[in-house]
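Data block below; observations after.
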Amino acid sequence: MEKKDKRSLGQIISNFSMPILLGLLILVFSILSDKFFTPLNLTNILVQNVHIAICATGVFMIMVSGGCDLSIGYQMSVAAVLVAKLLSNGVMSVVPTILLGILICVALGCFNGFMSITLNSQPMIVTLGTMAIFQGISFLISGSKTYHNLPRSFMYLGQGRLFGVIPVNVIIALVVITIVGVILSRTHIGRKIYAVGDNPEAAKLAGLNVAKIKILVFTCAGILVGISAILLAARSGSADSSTGTGIEFTGIIACVLSGVALKGGEGTLWKAITAVFVLGVLSNGMQLINLGTYPQYIAKGIIMLVSLYLSNRTAKRA
Amino acid sequence: MKKSIALILAILMILALAACGQSAAPAAPAAEAPVAEAKPSVGFVTFGLGGDFFQALADTFVTTMNDAGWDASYVDGEFNPTAQIAAVENYIAQGVNTIVLWSVAPEAMGAVIDQAQAAGIQVVSFVAPTEKYDALMLADDAKLADALNKLAAKWIDTTFADAEDHSVPVAVFSCRTAHTGVVQADELIKIEEYSAKALFVKEVELQDENADTGMAAAENLYTTNPEIKVFLSAHNGLALGINNYFTGIGSPVTDYADMGVFCVNGNEEIGKLIADNTPFRGMVLTGGVQDTCNEIMGVVTGLYDGSMASGTVTNATTLFVNEDTVEEYLSTGNVVSVTEDDF
């Protein structure tokens, strides 16, 4: 009986490692800083991380399908500078520009999926190459300039508050992530994505068009990346070719910490999103307690190792 | 199908390489057909690319040197000493006449500079002093930060003339991941030595120089220290982020009269913000891009034709851009009406 209880407790810790870690971090920072657990700061954490959460959702989809996309940061960069350039120069109005930004990311995502299948190579390697292409495109568009003076109506998406309280970007993120979560967990296509990631050969034998599903995943991830880019540019009020770069690594780290299998086929979206906020709370909290740059790196690394240990306890037992 | 795709990819690759060859950053050819008057060649190993200033400097360098009759090119130093060493080695192999080098880690470049000089190539060290050089164009990182302190101090003491001594809270936003950032941050936190009214409250250390990082940090700082209204940064990206936060829709501040954001190595976009009704009040930089490239051209040409002695050291001028000089800066790319002596 005792052994069973211990195993249940261990399983609970593993299954809920991310929320437990998040709770612990909130507790620790609340003790270390009286400004941490305030409505203002908690709202800050939300608005600072929702675009990362949306991006991480795209990363999650790709990883679950057995892929990896290292070019996401520069996809965001391309979309952000294009949108910012068009809006700051008054070339197009807000809505068509936003749609164009999202479409660009869809096209880039689709290109990644197509190249991965056609070249029959690991998506991680393929997207290393496309990352360089997108980087070049971003700099060609931006001319290494920063674009600001964006319309207020556009910036409202990233900075506005509904009823003066609820951040608009948080609402957008909630809706988008919920839709994706429902699709992945409750629909046929969601199950197919997991199947393709878990065992592509078996999926193929079962009659699934593996190539088509993988390209679809990259394309859908492109929609999410596009939305993330729009929200980031709207929140920043400016964009240049460094906007969004590196964000894919935050997404990948969050997915890995939450237990998404690198080979694909396994993962829970809500855990990955929680992991995004673990990293976000860590970053926010470290600043509030005035932790220097170098100790921040160490603290981040330790938290990541702890998360990995907790997440992988279940895998070991299996 | 696969053969067709392979063929298409090969053609795309060839076209891409050809397009790169037409761009402003061509690699100098290994050997050129003899011409009646062979152009001297110069290569610029940049600190890195990816920001307005760095890219503009590299592009303008090539244009300026080409117009002066040189065959010019640049290579991305990638903010990485190893990449820079490889770049210098490649230029040595290409047999350029002169290399302009902006070192990320000057102490790491000794051996490769020796190789270049042994191969008869003149080496101009730009900004960061290497141990050996044929000419050194110095821009002292600490002096630049010192200049920003003077610029900010003047604004603080004027704006808060009636305030008690050392009562105006100031924060420094830093990124200490590179030596320049460390040196300049260490200077900026000494703001109290330059201003009778300033009170250094906090240094916010960040892991990168991006505008959204600066914005999030400004947001977080407002949570703990809403009284801070003056911000100094060695990084224009972080300073831009601070400005974006306070001028954003959800900004807790609408009256910027007592707010000041200052940065080192700003650019034209930041100049426009200084001219506009924003918290941005000033920036210092080492000469406009064109003037800097003209100076480089003068040094490179002087060394080549012997009119400049080997071992010459020149110091970069510092531009002080604030509300009084921003129009001059935006229209001419330079500021001559105000110098360090005015502070």
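Residues in the structure tokens are named by chain (A, B, ... in the order shown) and by number from 1 within that chain; ligands are numbered from 1 in the order shown.
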
Pro252 (chain B) environment, 12 Å, only C-alpha atoms, sequence neighbours closer than 2 positions dropped, as a ChimeraX atom specification: /A:40,159 /B:218-219,222-223,226-227,229,245-250,254-256

Quick one: write out the picked residues with all heavy atoms as a tab-separated table (two decimals), in the first residue's frame?
chain	number	residue	atom	x	y	z
A	40	LEU	N	-0.41	43.99	-11.22
A	40	LEU	CA	0.36	44.62	-12.30
A	40	LEU	C	1.44	43.67	-12.82
A	40	LEU	O	1.57	43.46	-14.03
A	40	LEU	CB	0.99	45.92	-11.79
A	40	LEU	CG	1.92	46.65	-12.76
A	40	LEU	CD1	1.16	47.07	-14.02
A	40	LEU	CD2	2.54	47.88	-12.09
A	159	GLN	N	-1.10	45.94	-27.19
A	159	GLN	CA	-0.99	46.78	-26.00
A	159	GLN	C	-2.34	47.17	-25.41
A	159	GLN	O	-2.40	47.74	-24.33
A	159	GLN	CB	-0.22	48.07	-26.35
A	159	GLN	CG	1.18	47.83	-26.87
A	159	GLN	CD	1.89	49.12	-27.25
A	159	GLN	OE1	1.57	50.19	-26.73
A	159	GLN	NE2	2.83	49.03	-28.16
B	218	ALA	N	11.56	47.41	-19.03
B	218	ALA	CA	11.02	48.70	-18.59
B	218	ALA	C	9.69	48.49	-17.87
B	218	ALA	O	9.40	49.12	-16.85
B	218	ALA	CB	10.84	49.64	-19.78
B	219	GLU	N	8.90	47.58	-18.41
B	219	GLU	CA	7.61	47.23	-17.79
B	219	GLU	C	7.83	46.68	-16.39
B	219	GLU	O	7.15	47.07	-15.43
B	219	GLU	CB	6.99	46.13	-18.66
B	219	GLU	CG	5.53	46.21	-18.88
B	219	GLU	CD	5.13	45.32	-20.05
B	219	GLU	OE1	5.86	44.36	-20.36
B	219	GLU	OE2	4.10	45.62	-20.64
B	222	TYR	N	9.04	49.31	-13.93
B	222	TYR	CA	7.97	50.22	-13.49
B	222	TYR	C	7.19	49.63	-12.34
B	222	TYR	O	6.65	50.34	-11.49
B	222	TYR	CB	7.03	50.56	-14.67
B	222	TYR	CG	6.11	51.70	-14.35
B	222	TYR	CD1	6.55	53.03	-14.44
B	222	TYR	CD2	4.80	51.47	-13.91
B	222	TYR	CE1	5.72	54.07	-14.11
B	222	TYR	CE2	3.97	52.53	-13.58
B	222	TYR	CZ	4.43	53.82	-13.68
B	222	TYR	OH	3.60	54.87	-13.34
B	223	THR	N	7.14	48.30	-12.31
B	223	THR	CA	6.44	47.60	-11.21
B	223	THR	C	7.15	47.86	-9.88
B	223	THR	O	6.51	48.07	-8.85
B	223	THR	CB	6.43	46.08	-11.47
B	223	THR	OG1	5.92	45.84	-12.77
B	223	THR	CG2	5.58	45.34	-10.45
B	226	PRO	N	8.52	52.76	-9.97
B	226	PRO	CA	7.80	53.67	-10.87
B	226	PRO	C	8.34	55.09	-10.80
B	226	PRO	O	8.03	55.91	-11.66
B	226	PRO	CB	6.36	53.61	-10.37
B	226	PRO	CG	6.44	53.13	-8.96
B	226	PRO	CD	7.64	52.27	-8.88
B	227	GLU	N	9.16	55.37	-9.79
B	227	GLU	CA	9.66	56.74	-9.65
B	227	GLU	C	10.80	57.03	-10.63
B	227	GLU	O	11.15	58.18	-10.85
B	227	GLU	CB	10.16	56.98	-8.21
B	227	GLU	CG	11.49	56.34	-7.85
B	227	GLU	CD	11.41	54.84	-7.56
B	227	GLU	OE1	10.33	54.24	-7.76
B	227	GLU	OE2	12.44	54.27	-7.16
B	229	LYS	N	12.60	57.92	-13.81
B	229	LYS	CA	12.15	58.59	-15.03
B	229	LYS	C	13.29	58.79	-16.02
B	229	LYS	O	13.06	59.24	-17.14
B	229	LYS	CB	11.55	59.97	-14.69
B	229	LYS	CG	10.32	59.91	-13.80
B	229	LYS	CD	9.13	59.34	-14.56
B	229	LYS	CE	7.93	59.06	-13.66
B	229	LYS	NZ	7.35	60.26	-13.06
B	245	TYR	N	7.82	51.32	-24.61
B	245	TYR	CA	6.93	51.04	-23.48
B	245	TYR	C	6.21	52.32	-23.03
B	245	TYR	O	4.99	52.34	-22.87
B	245	TYR	CB	7.72	50.44	-22.31
B	245	TYR	CG	6.89	50.32	-21.03
B	245	TYR	CD1	5.72	49.57	-21.01
B	245	TYR	CD2	7.27	50.98	-19.86
B	245	TYR	CE1	4.95	49.47	-19.87
B	245	TYR	CE2	6.50	50.88	-18.71
B	245	TYR	CZ	5.35	50.13	-18.71
B	245	TYR	OH	4.59	50.04	-17.57
B	246	PHE	N	6.98	53.37	-22.85
B	246	PHE	CA	6.37	54.59	-22.30
B	246	PHE	C	5.54	55.36	-23.32
B	246	PHE	O	4.74	56.21	-22.94
B	246	PHE	CB	7.45	55.49	-21.68
B	246	PHE	CG	7.96	54.96	-20.36
B	246	PHE	CD1	9.24	54.46	-20.24
B	246	PHE	CD2	7.13	54.95	-19.25
B	246	PHE	CE1	9.70	53.94	-19.03
B	246	PHE	CE2	7.58	54.44	-18.03
B	246	PHE	CZ	8.86	53.93	-17.92
B	247	THR	N	5.74	55.08	-24.59
B	247	THR	CA	4.91	55.75	-25.61
B	247	THR	C	3.83	54.82	-26.15
B	247	THR	O	3.10	55.19	-27.06
B	247	THR	CB	5.76	56.25	-26.79
B	247	THR	OG1	6.50	55.15	-27.33
B	247	THR	CG2	6.71	57.35	-26.36
B	248	GLY	N	3.73	53.62	-25.59
B	248	GLY	CA	2.74	52.65	-26.05
B	248	GLY	C	1.34	52.99	-25.56
B	248	GLY	O	1.15	53.88	-24.73
B	249	ILE	N	0.39	52.22	-26.05
B	249	ILE	CA	-1.02	52.48	-25.71
B	249	ILE	C	-1.25	52.29	-24.22
B	249	ILE	O	-1.93	53.08	-23.58
B	249	ILE	CB	-1.93	51.53	-26.51
B	249	ILE	CG1	-1.92	51.92	-27.98
B	249	ILE	CG2	-3.35	51.54	-25.96
B	249	ILE	CD1	-2.67	50.97	-28.87
B	250	GLY	N	-0.68	51.23	-23.66
B	250	GLY	CA	-0.93	50.93	-22.25
B	250	GLY	C	0.02	51.64	-21.32
B	250	GLY	O	0.12	51.29	-20.14
B	254	THR	N	1.75	59.62	-19.54
B	254	THR	CA	1.35	60.34	-20.76
B	254	THR	C	2.10	61.66	-20.91
B	254	THR	O	2.22	62.19	-22.00
B	254	THR	CB	-0.17	60.63	-20.75
B	254	THR	OG1	-0.50	61.19	-19.48
B	254	THR	CG2	-0.97	59.36	-20.99
B	255	ASP	N	2.61	62.15	-19.80
B	255	ASP	CA	3.37	63.40	-19.83
B	255	ASP	C	4.85	63.06	-19.70
B	255	ASP	O	5.30	62.57	-18.68
B	255	ASP	CB	2.92	64.30	-18.67
B	255	ASP	CG	3.67	65.62	-18.64
B	255	ASP	OD1	4.45	65.88	-19.58
B	255	ASP	OD2	3.48	66.40	-17.69
B	256	TYR	N	5.60	63.33	-20.78
B	256	TYR	CA	7.01	62.91	-20.79
B	256	TYR	C	7.97	64.03	-20.39
B	256	TYR	O	9.17	63.89	-20.53
B	256	TYR	CB	7.40	62.43	-22.20
B	256	TYR	CG	6.46	61.41	-22.79
B	256	TYR	CD1	5.93	61.58	-24.07
B	256	TYR	CD2	6.11	60.28	-22.09
B	256	TYR	CE1	5.06	60.65	-24.60
B	256	TYR	CE2	5.25	59.34	-22.61
B	256	TYR	CZ	4.72	59.53	-23.87
B	256	TYR	OH	3.86	58.61	-24.41

Write down, as a PDB file with N, CA and C atoms, in the first residue's frame, each residue of chain B that has any atom within 10 Å of an atom of chain A, counting only C-alpha atoms.
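Once written, out02.pdb looks like this:
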ATOM      1  N   MET B   1      11.257  12.696 -60.779  1.00  0.00           N
ATOM      2  CA  MET B   1      10.807  13.812 -59.906  1.00  0.00           C
ATOM      3  C   MET B   1      11.981  14.340 -59.071  1.00  0.00           C
ATOM      4  N   LYS B   2      12.697  13.360 -58.437  1.00  0.00           N
ATOM      5  CA  LYS B   2      13.805  13.766 -57.561  1.00  0.00           C
ATOM      6  C   LYS B   2      14.909  14.410 -58.386  1.00  0.00           C
ATOM      7  N   ILE B   5      13.948  17.947 -59.202  1.00  0.00           N
ATOM      8  CA  ILE B   5      14.085  18.814 -58.038  1.00  0.00           C
ATOM      9  C   ILE B   5      15.543  19.103 -57.770  1.00  0.00           C
ATOM     10  N   ALA B   6      16.389  18.083 -57.906  1.00  0.00           N
ATOM     11  CA  ALA B   6      17.826  18.287 -57.700  1.00  0.00           C
ATOM     12  C   ALA B   6      18.354  19.305 -58.695  1.00  0.00           C
ATOM     13  N   LEU B  49      27.164  42.004 -38.119  1.00  0.00           N
ATOM     14  CA  LEU B  49      26.137  42.682 -38.891  1.00  0.00           C
ATOM     15  C   LEU B  49      24.805  42.442 -38.192  1.00  0.00           C
ATOM     16  N   GLY B  50      23.747  42.962 -38.740  1.00  0.00           N
ATOM     17  CA  GLY B  50      22.454  42.673 -38.137  1.00  0.00           C
ATOM     18  C   GLY B  50      21.847  43.842 -37.415  1.00  0.00           C
ATOM     19  N   GLY B  51      22.559  44.927 -37.290  1.00  0.00           N
ATOM     20  CA  GLY B  51      21.920  46.117 -36.734  1.00  0.00           C
ATOM     21  C   GLY B  51      22.012  47.218 -37.773  1.00  0.00           C
ATOM     22  N   ASP B  52      21.195  48.247 -37.611  1.00  0.00           N
ATOM     23  CA  ASP B  52      21.211  49.346 -38.584  1.00  0.00           C
ATOM     24  C   ASP B  52      22.616  49.862 -38.796  1.00  0.00           C
ATOM     25  N   PHE B  53      23.271  50.208 -37.676  1.00  0.00           N
ATOM     26  CA  PHE B  53      24.559  50.882 -37.750  1.00  0.00           C
ATOM     27  C   PHE B  53      25.595  49.993 -38.426  1.00  0.00           C
ATOM     28  N   PHE B  54      25.732  48.755 -37.980  1.00  0.00           N
ATOM     29  CA  PHE B  54      26.769  47.869 -38.516  1.00  0.00           C
ATOM     30  C   PHE B  54      26.588  47.638 -40.019  1.00  0.00           C
ATOM     31  N   GLN B  55      25.363  47.367 -40.417  1.00  0.00           N
ATOM     32  CA  GLN B  55      25.114  47.090 -41.829  1.00  0.00           C
ATOM     33  C   GLN B  55      25.337  48.340 -42.668  1.00  0.00           C
ATOM     34  N   ALA B  56      24.843  49.472 -42.147  1.00  0.00           N
ATOM     35  CA  ALA B  56      25.007  50.728 -42.887  1.00  0.00           C
ATOM     36  C   ALA B  56      26.480  51.070 -43.025  1.00  0.00           C
ATOM     37  N   SER B 174      21.604  47.491 -19.106  1.00  0.00           N
ATOM     38  CA  SER B 174      22.858  46.990 -19.671  1.00  0.00           C
ATOM     39  C   SER B 174      22.712  45.580 -20.225  1.00  0.00           C
ATOM     40  N   CYS B 175      23.678  45.246 -21.067  1.00  0.00           N
ATOM     41  CA  CYS B 175      23.796  43.869 -21.550  1.00  0.00           C
ATOM     42  C   CYS B 175      25.289  43.547 -21.460  1.00  0.00           C
ATOM     43  N   ARG B 176      25.654  42.798 -20.456  1.00  0.00           N
ATOM     44  CA  ARG B 176      27.070  42.578 -20.151  1.00  0.00           C
ATOM     45  C   ARG B 176      27.609  41.298 -20.792  1.00  0.00           C
ATOM     46  N   THR B 177      27.082  40.957 -21.956  1.00  0.00           N
ATOM     47  CA  THR B 177      27.545  39.725 -22.602  1.00  0.00           C
ATOM     48  C   THR B 177      28.724  39.969 -23.530  1.00  0.00           C
ATOM     49  N   LYS B 202      19.489  51.891  -9.949  1.00  0.00           N
ATOM     50  CA  LYS B 202      19.515  50.471 -10.289  1.00  0.00           C
ATOM     51  C   LYS B 202      20.125  50.237 -11.658  1.00  0.00           C
ATOM     52  N   GLU B 203      20.836  49.123 -11.782  1.00  0.00           N
ATOM     53  CA  GLU B 203      21.252  48.646 -13.100  1.00  0.00           C
ATOM     54  C   GLU B 203      20.418  47.412 -13.422  1.00  0.00           C
ATOM     55  N   VAL B 204      19.764  47.462 -14.570  1.00  0.00           N
ATOM     56  CA  VAL B 204      18.967  46.320 -15.016  1.00  0.00           C
ATOM     57  C   VAL B 204      19.802  45.554 -16.038  1.00  0.00           C
ATOM     58  N   GLU B 205      20.231  44.368 -15.657  1.00  0.00           N
ATOM     59  CA  GLU B 205      21.112  43.579 -16.536  1.00  0.00           C
ATOM     60  C   GLU B 205      20.272  42.637 -17.382  1.00  0.00           C
ATOM     61  N   LEU B 206      20.474  42.699 -18.681  1.00  0.00           N
ATOM     62  CA  LEU B 206      19.667  41.895 -19.601  1.00  0.00           C
ATOM     63  C   LEU B 206      20.558  41.013 -20.459  1.00  0.00           C
ATOM     64  N   GLN B 207      19.938  40.006 -21.045  1.00  0.00           N
ATOM     65  CA  GLN B 207      20.722  38.997 -21.763  1.00  0.00           C
ATOM     66  C   GLN B 207      20.858  39.265 -23.255  1.00  0.00           C
ATOM     67  N   ASP B 208      20.107  40.236 -23.748  1.00  0.00           N
ATOM     68  CA  ASP B 208      20.324  40.608 -25.142  1.00  0.00           C
ATOM     69  C   ASP B 208      19.977  42.079 -25.305  1.00  0.00           C
ATOM     70  N   GLU B 209      20.159  42.590 -26.522  1.00  0.00           N
ATOM     71  CA  GLU B 209      20.009  44.038 -26.740  1.00  0.00           C
ATOM     72  C   GLU B 209      18.754  44.383 -27.526  1.00  0.00           C
ATOM     73  N   ASN B 210      17.819  43.433 -27.619  1.00  0.00           N
ATOM     74  CA  ASN B 210      16.648  43.660 -28.469  1.00  0.00           C
ATOM     75  C   ASN B 210      15.642  44.618 -27.848  1.00  0.00           C
ATOM     76  N   ALA B 211      14.893  45.288 -28.714  1.00  0.00           N
ATOM     77  CA  ALA B 211      13.921  46.278 -28.265  1.00  0.00           C
ATOM     78  C   ALA B 211      12.835  45.639 -27.404  1.00  0.00           C
ATOM     79  N   ASP B 212      12.374  44.425 -27.775  1.00  0.00           N
ATOM     80  CA  ASP B 212      11.305  43.841 -26.953  1.00  0.00           C
ATOM     81  C   ASP B 212      11.819  43.423 -25.587  1.00  0.00           C
ATOM     82  N   THR B 213      13.099  43.085 -25.492  1.00  0.00           N
ATOM     83  CA  THR B 213      13.686  42.788 -24.179  1.00  0.00           C
ATOM     84  C   THR B 213      13.716  44.062 -23.335  1.00  0.00           C
ATOM     85  N   GLY B 214      14.123  45.173 -23.973  1.00  0.00           N
ATOM     86  CA  GLY B 214      14.146  46.456 -23.267  1.00  0.00           C
ATOM     87  C   GLY B 214      12.754  46.860 -22.814  1.00  0.00           C
ATOM     88  N   MET B 215      11.784  46.583 -23.657  1.00  0.00           N
ATOM     89  CA  MET B 215      10.403  46.966 -23.325  1.00  0.00           C
ATOM     90  C   MET B 215       9.895  46.170 -22.130  1.00  0.00           C
ATOM     91  N   ALA B 216      10.118  44.847 -22.157  1.00  0.00           N
ATOM     92  CA  ALA B 216       9.667  44.012 -21.038  1.00  0.00           C
ATOM     93  C   ALA B 216      10.375  44.428 -19.746  1.00  0.00           C
ATOM     94  N   ALA B 217      11.666  44.747 -19.867  1.00  0.00           N
ATOM     95  CA  ALA B 217      12.424  45.154 -18.680  1.00  0.00           C
ATOM     96  C   ALA B 217      11.916  46.485 -18.121  1.00  0.00           C
ATOM     97  N   GLU B 219       8.897  47.582 -18.406  1.00  0.00           N
ATOM     98  CA  GLU B 219       7.614  47.230 -17.793  1.00  0.00           C
ATOM     99  C   GLU B 219       7.829  46.679 -16.386  1.00  0.00           C
ATOM    100  N   ASN B 220       8.777  45.759 -16.263  1.00  0.00           N
ATOM    101  CA  ASN B 220       9.049  45.145 -14.962  1.00  0.00           C
ATOM    102  C   ASN B 220       9.613  46.175 -13.985  1.00  0.00           C
ATOM    103  N   LEU B 221      10.468  47.050 -14.496  1.00  0.00           N
ATOM    104  CA  LEU B 221      11.069  48.058 -13.627  1.00  0.00           C
ATOM    105  C   LEU B 221      10.013  49.013 -13.100  1.00  0.00           C
ATOM    106  N   TYR B 222       9.040  49.311 -13.933  1.00  0.00           N
ATOM    107  CA  TYR B 222       7.971  50.221 -13.492  1.00  0.00           C
ATOM    108  C   TYR B 222       7.187  49.625 -12.336  1.00  0.00           C
ATOM    109  N   THR B 223       7.140  48.296 -12.308  1.00  0.00           N
ATOM    110  CA  THR B 223       6.444  47.604 -11.212  1.00  0.00           C
ATOM    111  C   THR B 223       7.153  47.862  -9.879  1.00  0.00           C
ATOM    112  N   THR B 224       8.479  47.806  -9.917  1.00  0.00           N
ATOM    113  CA  THR B 224       9.225  47.931  -8.663  1.00  0.00           C
ATOM    114  C   THR B 224       9.658  49.373  -8.388  1.00  0.00           C
ATOM    115  N   ASN B 225       9.942  50.113  -9.427  1.00  0.00           N
ATOM    116  CA  ASN B 225      10.464  51.481  -9.259  1.00  0.00           C
ATOM    117  C   ASN B 225       9.770  52.460 -10.202  1.00  0.00           C
ATOM    118  N   GLY B 237      19.029  49.390 -28.932  1.00  0.00           N
ATOM    119  CA  GLY B 237      17.851  48.510 -28.965  1.00  0.00           C
ATOM    120  C   GLY B 237      17.097  48.540 -27.642  1.00  0.00           C
ATOM    121  N   LEU B 240      15.435  51.870 -27.205  1.00  0.00           N
ATOM    122  CA  LEU B 240      14.228  51.944 -28.038  1.00  0.00           C
ATOM    123  C   LEU B 240      13.071  51.209 -27.360  1.00  0.00           C
ATOM    124  N   GLY B 241      13.372  50.074 -26.763  1.00  0.00           N
ATOM    125  CA  GLY B 241      12.338  49.313 -26.060  1.00  0.00           C
ATOM    126  C   GLY B 241      11.745  50.098 -24.898  1.00  0.00           C
ATOM    127  N   ILE B 242      12.620  50.797 -24.154  1.00  0.00           N
ATOM    128  CA  ILE B 242      12.134  51.624 -23.041  1.00  0.00           C
ATOM    129  C   ILE B 242      11.186  52.690 -23.585  1.00  0.00           C
ATOM    130  N   ASN B 243      11.628  53.341 -24.663  1.00  0.00           N
ATOM    131  CA  ASN B 243      10.806  54.377 -25.286  1.00  0.00           C
ATOM    132  C   ASN B 243       9.476  53.807 -25.773  1.00  0.00           C
ATOM    133  N   ASN B 244       9.533  52.625 -26.374  1.00  0.00           N
ATOM    134  CA  ASN B 244       8.308  51.998 -26.891  1.00  0.00           C
ATOM    135  C   ASN B 244       7.313  51.723 -25.762  1.00  0.00           C
ATOM    136  N   TYR B 245       7.822  51.321 -24.614  1.00  0.00           N
ATOM    137  CA  TYR B 245       6.933  51.038 -23.481  1.00  0.00           C
ATOM    138  C   TYR B 245       6.210  52.319 -23.034  1.00  0.00           C
ATOM    139  N   THR B 247       5.740  55.084 -24.594  1.00  0.00           N
ATOM    140  CA  THR B 247       4.909  55.746 -25.608  1.00  0.00           C
ATOM    141  C   THR B 247       3.828  54.823 -26.152  1.00  0.00           C
ATOM    142  N   GLY B 248       3.727  53.620 -25.588  1.00  0.00           N
ATOM    143  CA  GLY B 248       2.737  52.653 -26.054  1.00  0.00           C
ATOM    144  C   GLY B 248       1.339  52.989 -25.560  1.00  0.00           C
ATOM    145  N   ILE B 249       0.390  52.221 -26.054  1.00  0.00           N
ATOM    146  CA  ILE B 249      -1.019  52.476 -25.714  1.00  0.00           C
ATOM    147  C   ILE B 249      -1.252  52.290 -24.222  1.00  0.00           C
ATOM    148  N   GLY B 250      -0.680  51.227 -23.663  1.00  0.00           N
ATOM    149  CA  GLY B 250      -0.932  50.929 -22.253  1.00  0.00           C
ATOM    150  C   GLY B 250       0.022  51.640 -21.317  1.00  0.00           C
ATOM    151  N   SER B 251       0.731  52.660 -21.819  1.00  0.00           N
ATOM    152  CA  SER B 251       1.747  53.310 -20.999  1.00  0.00           C
ATOM    153  C   SER B 251       1.132  53.953 -19.763  1.00  0.00           C
ATOM    154  N   ASN B 267      20.919  55.983 -33.899  1.00  0.00           N
ATOM    155  CA  ASN B 267      20.892  56.037 -35.366  1.00  0.00           C
ATOM    156  C   ASN B 267      19.851  57.064 -35.801  1.00  0.00           C
ATOM    157  N   GLU B 268      19.630  57.112 -37.101  1.00  0.00           N
ATOM    158  CA  GLU B 268      18.727  58.140 -37.627  1.00  0.00           C
ATOM    159  C   GLU B 268      17.317  57.983 -37.064  1.00  0.00           C
ATOM    160  N   GLU B 269      16.871  56.732 -36.931  1.00  0.00           N
ATOM    161  CA  GLU B 269      15.520  56.500 -36.401  1.00  0.00           C
ATOM    162  C   GLU B 269      15.387  57.062 -34.990  1.00  0.00           C
ATOM    163  N   ILE B 270      16.438  56.868 -34.191  1.00  0.00           N
ATOM    164  CA  ILE B 270      16.391  57.391 -32.826  1.00  0.00           C
ATOM    165  C   ILE B 270      16.488  58.911 -32.855  1.00  0.00           C
ATOM    166  N   LEU B 273      13.146  60.180 -33.171  1.00  0.00           N
ATOM    167  CA  LEU B 273      12.408  60.103 -31.902  1.00  0.00           C
ATOM    168  C   LEU B 273      12.815  61.248 -30.974  1.00  0.00           C
TER     169      LEU B 273
END

Backbone DSSP call of helix (DSSP H, G or I) for region 160-240 of chain A, listed as a ChimeraX atom specification: /A:168-186,188-198,200-205,210-236

Strand (DSSP E) per DSSP on the backbone: members of region 40-277 of chain A, as an MDAnalysis selection string: chainID A and resid 161:162 166:167

What's the 6 Å shell around region 73-86 of chain B, counting only C-alpha atoms, without same-chain residues fewer than 3 positions away, as an mmCIF file with N, CA and C atoms, in the first residue's frame?
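Everything below was put into result.cif:
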data_model
loop_
_atom_site.group_PDB
_atom_site.id
_atom_site.type_symbol
_atom_site.label_atom_id
_atom_site.label_comp_id
_atom_site.auth_asym_id
_atom_site.auth_seq_id
_atom_site.Cartn_x
_atom_site.Cartn_y
_atom_site.Cartn_z
ATOM 1 N N ALA B 25 28.696 43.008 -51.120
ATOM 2 C CA ALA B 25 29.721 42.312 -50.339
ATOM 3 C C ALA B 25 30.326 41.170 -51.112
ATOM 4 N N PRO B 26 30.895 41.456 -52.257
ATOM 5 C CA PRO B 26 31.506 40.347 -52.995
ATOM 6 C C PRO B 26 32.841 39.973 -52.371
ATOM 7 N N GLY B 43 39.703 44.978 -47.661
ATOM 8 C CA GLY B 43 38.635 44.174 -47.067
ATOM 9 C C GLY B 43 38.336 44.665 -45.662
ATOM 10 N N PHE B 44 37.071 44.688 -45.322
ATOM 11 C CA PHE B 44 36.644 45.155 -44.003
ATOM 12 C C PHE B 44 36.064 43.966 -43.244
ATOM 13 N N VAL B 45 36.712 43.603 -42.140
ATOM 14 C CA VAL B 45 36.164 42.547 -41.283
ATOM 15 C C VAL B 45 35.346 43.249 -40.207
ATOM 16 N N THR B 46 34.040 43.127 -40.313
ATOM 17 C CA THR B 46 33.164 43.883 -39.422
ATOM 18 C C THR B 46 33.117 43.261 -38.031
ATOM 19 N N PHE B 47 32.614 44.030 -37.103
ATOM 20 C CA PHE B 47 32.382 43.544 -35.736
ATOM 21 C C PHE B 47 31.296 42.476 -35.791
ATOM 22 N N GLY B 48 30.297 42.801 -36.571
ATOM 23 C CA GLY B 48 29.174 41.911 -36.811
ATOM 24 C C GLY B 48 28.221 42.663 -37.706
ATOM 25 N N LEU B 49 27.164 42.004 -38.119
ATOM 26 C CA LEU B 49 26.137 42.682 -38.891
ATOM 27 C C LEU B 49 24.805 42.442 -38.192
ATOM 28 N N VAL B 62 31.969 50.126 -48.440
ATOM 29 C CA VAL B 62 32.217 49.585 -49.780
ATOM 30 C C VAL B 62 31.979 50.666 -50.837
ATOM 31 N N GLU B 89 42.163 35.528 -42.485
ATOM 32 C CA GLU B 89 42.945 34.511 -43.223
ATOM 33 C C GLU B 89 42.500 34.444 -44.681
ATOM 34 N N VAL B 104 36.401 41.913 -32.304
ATOM 35 C CA VAL B 104 35.531 41.591 -31.175
ATOM 36 C C VAL B 104 36.412 41.365 -29.940
ATOM 37 N N ALA B 105 37.516 40.659 -30.149
ATOM 38 C CA ALA B 105 38.459 40.373 -29.062
ATOM 39 C C ALA B 105 39.860 40.702 -29.579
#

Residue neighbourhood Val175 (chain A), 12 Å, only C-alpha atoms, exclusion window fewer than 5 positions, as a ChimeraX atom specification: /A:50,53-54,168-170,180-182,224,227
